[in-house]
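> Attaching a single structure in structure tokens format; questions to follow.
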Amino acid sequence: MKIKFLGTGAAEGVPALFCNCEYCKTIRSLGESEYRTRSQVLIDEVLSIDFPSDAYAHSLKFGVEFSRLKYILATHSHMDHFYAHDFILRGYKYADFSEPRLDIYGNSEVEKVFCECTAREMKPEVAPHVKCNVIKPYQVLNIGEYRVLTLPANHSKTEDALLFYVERGEKGYLHLYDTGRISDEAFDFLSLNKTNIKLVCFDCTFIEHTGGNSARHMGIEDDMIMKQKLKERGLIDENTKLIISHFSHNSNPTREHLKTVEKQYGVKAAYDGFYIDF
């Protein structure tokens with residue numbers, strides 16, 4: 001599996017869209033290599049976890065051909081993770097593509113946002129090529145060549161935000177953001193379904209600041225608690241790759257600062273354009 005981290009920032013981006021704090025001023029002065037766009041993870045060029053408003057910019061900067069995209073797993077309906085307006089452009093005179101259909105998988109709010117955002121401009125020539133499928137937590141899905149497990153995120157009181165385990169060829173990727181600490185039941189579900197986790201990506205919005213049990217995001221200490229729970233169940237071992245991502249401008253997410261976190265906690269901090277094969 002090849003995982004590309006196209007965007008690694010929280011909703012406001014880094015530097016934040018309307019912000020002039022000291023962190024954002026520093027990051028602007030350091031230049032493009034420090035910028036973090038809204039989060040998107042691309043697997044094997046054909047499956048995207050989330051599709052933010054920055055997806056078009058990702059395609060230009062990193063040479064990604066979204067004409068090849070077959071599947072989107074949407075964690076939830078928030079704008080920085082699911083920007084549905086773009087899907088009106090998949091067909092008609094706007095696009096030629098090789099894949100006959102793009103399947104989107106998300107909760108009922110994702111479907112609602114999809115319908116609302118495409119209602120005015122979706123052409124009948126485009127509509128058959130984009131399908132939104134409603135899914136729920138604790139499902140096992142066969143999506144093309146992938147086995148996908150859905151887990152409940154600790155993120156929203158108004159919708160069933162989701163986390164995903166994606167497996168191909170007996171190798172699995174566990175995607176644990178946008179979320180706070182997740183439940184023991186979620187870990188049990190991974191165990192029950194005999195997952196083979198080779199790579200985990202943790203939400204690390206707060207970096208050194210802990211989110212605590214009730215927060216919608218995590219920091220590195222929360223991530224370590226999640227790591228320990230995974231290890232206790234035998235779901236990961238010392239060879240499992242550990243990634244952190246989804247950084248907020250409030251936490252000083254410069255690459256220099258994150259080097260200290262990487263060294264202390266044995267993780268790799270993703271950046272826009274970071275990729276890994278496993």
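Please note that chains go A, B, ... in the order of the structure tokens, that every chain numbers its residues from 1, and that ligands are numbered from 1 in the order shown.
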Could you produce a table of the residues of range 165-206 of chain A lying within 10 Å of range 72-80 of chain A, with the nearest pair of atoms per residue and their separation in Å rounded to one decimal, using only C-alpha atoms, ordered by chain and increasing residue number, as CSV?

```
residue,atom,partner,partner_atom,distance
A:Val166,CA,A:Leu73,CA,9.9
A:His175,CA,A:Thr75,CA,9.6
A:Leu176,CA,A:Thr75,CA,9.8
A:Tyr177,CA,A:Thr75,CA,8.2
A:Asp178,CA,A:Thr75,CA,7.5
A:Thr179,CA,A:Thr75,CA,9.7
```
> Could you go through range 3-225 of chain A and tell me which residues DSSP, when run on the backbone, assigns to strand (DSSP E or B), listing them as JSON, numbers by chain?
{"A": [3, 4, 5, 6, 7, 9, 14, 36, 38, 40, 41, 42, 43, 47, 48, 49, 51, 71, 72, 73, 82, 102, 103, 104, 105, 106, 130, 131, 132, 133, 134, 140, 141, 142, 143, 146, 147, 148, 149, 150, 151, 152, 162, 163, 164, 165, 166, 167, 168, 171, 172, 173, 174, 175, 176, 197, 198, 199, 200, 201, 202, 203]}
> Kindly give the distance, in Å, that separates CA of Leu141 in chain A and CA of Asp277 in chain A, rounded to a single decimal.
23.1 Å
> Which is closer to Val130 in chain A than all the others in A:Phe187, A:Tyr146, A:Tyr92, A:Phe87, using only C-alpha atoms?
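Between A:Phe187, A:Tyr146, A:Tyr92, A:Phe87, the residue approaching Val130 in chain A most closely is A:Phe87.
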> If we count only C-alpha atoms and set the cut-off at 7 Å, which residues sit around Asp222 in chain A, ignoring sequence neighbours fewer than 2 positions away in its own chain? Please answer as a ChimeraX atom specification.
/A:181,210-211,218-220,224-226
> Taking only C-alpha atoms into account, which of A:Ala84, A:Ile197, A:Leu192, A:Cys21 comes nearest Glu170 in chain A?
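The answer is A:Ile197, which sits nearest to Glu170 in chain A.
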> Please indicate the distance in Å from CA of Phe164 in chain A to CA of Leu151 in chain A, rounded to one decimal place.
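Atom-to-atom, CA of Phe164 in chain A and CA of Leu151 in chain A are spaced 6.1 Å apart.
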> I'd like the interatomic distance between CA of Gly234 in chain A and CA of Ser191 in chain A, to a tenth of an Å.
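These two atoms are separated by 8.1 Å.
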> Just want the 9 Å neighbourhood of Phe97 in chain A, counted on only C-alpha atoms, with same-chain residues fewer than 2 positions away dropped. Output as a ChimeraX atom specification.
/A:66-68,90-91,95,99-100
> Can you work out which one of A:Lys131, A:His257, A:Lys70, A:His249 has the shortest atom-to-atom distance to Val110 in chain A, counting only C-alpha atoms?
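Closest residue, counting only C-alpha atoms: A:Lys131.
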> Pick the closest to Ser251 in chain A from A:Phe206, A:Lys268, A:Tyr173, A:Lys93: which is it, counting only C-alpha atoms?
A:Phe206
> With distances taken over only C-alpha atoms, which residue among A:Met122, A:Ile135, A:Ala186, A:Ala10 lies nearest Pro152 in chain A?
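Looking only at the distances to Pro152 in chain A, the closest residue turns out to be A:Ala186.
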> Tyr23 in chain A: which residues within 8 Å, counting only C-alpha atoms, same-chain residues fewer than 6 positions away excluded, as an MDAnalysis selection string?
chainID A and resid 15 249:250 252
> Can you pull out the residues contacting Leu30 in chain A? Cut-off 12 Å, using only C-alpha atoms, and skip same-chain residues under 3 positions away; I want them as a VMD selection string.
chain A and resid 14 to 15 23 to 27 33 to 35 254 to 256
> Could those residues be written to a file, using C-alpha atoms, as a PDB file, in the first residue's frame?

```pdb
ATOM      1  CA  VAL A  14      -1.544  26.413   8.725  1.00  0.00           C
ATOM      2  CA  PRO A  15      -0.992  29.332   8.662  1.00  0.00           C
ATOM      3  CA  TYR A  23       2.865  31.088  15.081  1.00  0.00           C
ATOM      4  CA  CYS A  24       1.131  31.972  11.828  1.00  0.00           C
ATOM      5  CA  LYS A  25       3.434  34.947  11.199  1.00  0.00           C
ATOM      6  CA  THR A  26       6.463  32.723  11.763  1.00  0.00           C
ATOM      7  CA  ILE A  27       5.163  30.017   9.432  1.00  0.00           C
ATOM      8  CA  SER A  33       7.437  23.998   3.006  1.00  0.00           C
ATOM      9  CA  GLU A  34       5.816  24.783   6.373  1.00  0.00           C
ATOM     10  CA  TYR A  35       2.281  25.288   5.063  1.00  0.00           C
ATOM     11  CA  THR A 254       6.621  23.918  12.494  1.00  0.00           C
ATOM     12  CA  ARG A 255       8.673  21.016  11.239  1.00  0.00           C
ATOM     13  CA  GLU A 256      11.515  22.051  13.559  1.00  0.00           C
TER      14      GLU A 256
END
```
> For Thr150 in chain A, list every protein, DNA or RNA residue within 9 Å, evaluated using only C-alpha atoms, and leave out those in the same chain fewer than 6 positions away; present the list as a list in words.
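Close residues of Thr150 in chain A: Ile135, Lys136, Pro137, Tyr138, Gln139, Val140, Leu141, Leu162, Leu163, Phe164 and Tyr165 of chain A.
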> Would you mind exporting the chosen residues as a PDB file, in the first residue's frame, restricted to N, CA and C atoms?

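Final output, saved to out.pdb:
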```pdb
ATOM      1  N   ILE A 135     -23.035   4.739   5.253  1.00  0.00           N
ATOM      2  CA  ILE A 135     -22.470   3.689   6.097  1.00  0.00           C
ATOM      3  C   ILE A 135     -22.551   4.117   7.554  1.00  0.00           C
ATOM      4  N   LYS A 136     -22.326   3.155   8.456  1.00  0.00           N
ATOM      5  CA  LYS A 136     -22.440   3.395   9.887  1.00  0.00           C
ATOM      6  C   LYS A 136     -21.224   2.806  10.610  1.00  0.00           C
ATOM      7  N   PRO A 137     -21.063   3.148  11.892  1.00  0.00           N
ATOM      8  CA  PRO A 137     -19.976   2.523  12.655  1.00  0.00           C
ATOM      9  C   PRO A 137     -20.158   1.018  12.799  1.00  0.00           C
ATOM     10  N   TYR A 138     -19.052   0.335  12.973  1.00  0.00           N
ATOM     11  CA  TYR A 138     -18.994  -1.102  13.210  1.00  0.00           C
ATOM     12  C   TYR A 138     -19.528  -1.906  12.026  1.00  0.00           C
ATOM     13  N   GLN A 139     -19.100  -1.502  10.845  1.00  0.00           N
ATOM     14  CA  GLN A 139     -19.388  -2.286   9.645  1.00  0.00           C
ATOM     15  C   GLN A 139     -18.084  -2.818   9.069  1.00  0.00           C
ATOM     16  N   VAL A 140     -18.178  -3.954   8.390  1.00  0.00           N
ATOM     17  CA  VAL A 140     -17.072  -4.505   7.612  1.00  0.00           C
ATOM     18  C   VAL A 140     -17.503  -4.451   6.155  1.00  0.00           C
ATOM     19  N   LEU A 141     -16.765  -3.694   5.348  1.00  0.00           N
ATOM     20  CA  LEU A 141     -17.134  -3.446   3.963  1.00  0.00           C
ATOM     21  C   LEU A 141     -16.074  -4.009   3.024  1.00  0.00           C
ATOM     22  N   LEU A 162     -16.774   9.044  11.610  1.00  0.00           N
ATOM     23  CA  LEU A 162     -16.203   7.710  11.438  1.00  0.00           C
ATOM     24  C   LEU A 162     -14.675   7.725  11.388  1.00  0.00           C
ATOM     25  N   LEU A 163     -14.106   6.608  11.791  1.00  0.00           N
ATOM     26  CA  LEU A 163     -12.702   6.288  11.596  1.00  0.00           C
ATOM     27  C   LEU A 163     -12.639   5.042  10.725  1.00  0.00           C
ATOM     28  N   PHE A 164     -11.472   4.799  10.113  1.00  0.00           N
ATOM     29  CA  PHE A 164     -11.390   3.701   9.155  1.00  0.00           C
ATOM     30  C   PHE A 164     -10.131   2.862   9.338  1.00  0.00           C
ATOM     31  N   TYR A 165     -10.308   1.562   9.182  1.00  0.00           N
ATOM     32  CA  TYR A 165      -9.198   0.636   8.972  1.00  0.00           C
ATOM     33  C   TYR A 165      -9.317   0.157   7.532  1.00  0.00           C
TER      34      TYR A 165
END
```
> Any chance you could list, as number ranges by chain, the residues in range 1-194 of chain A that come up alpha helix (DSSP H) when DSSP is run on the backbone?
A: 22-30, 55-62, 108-118, 184-192
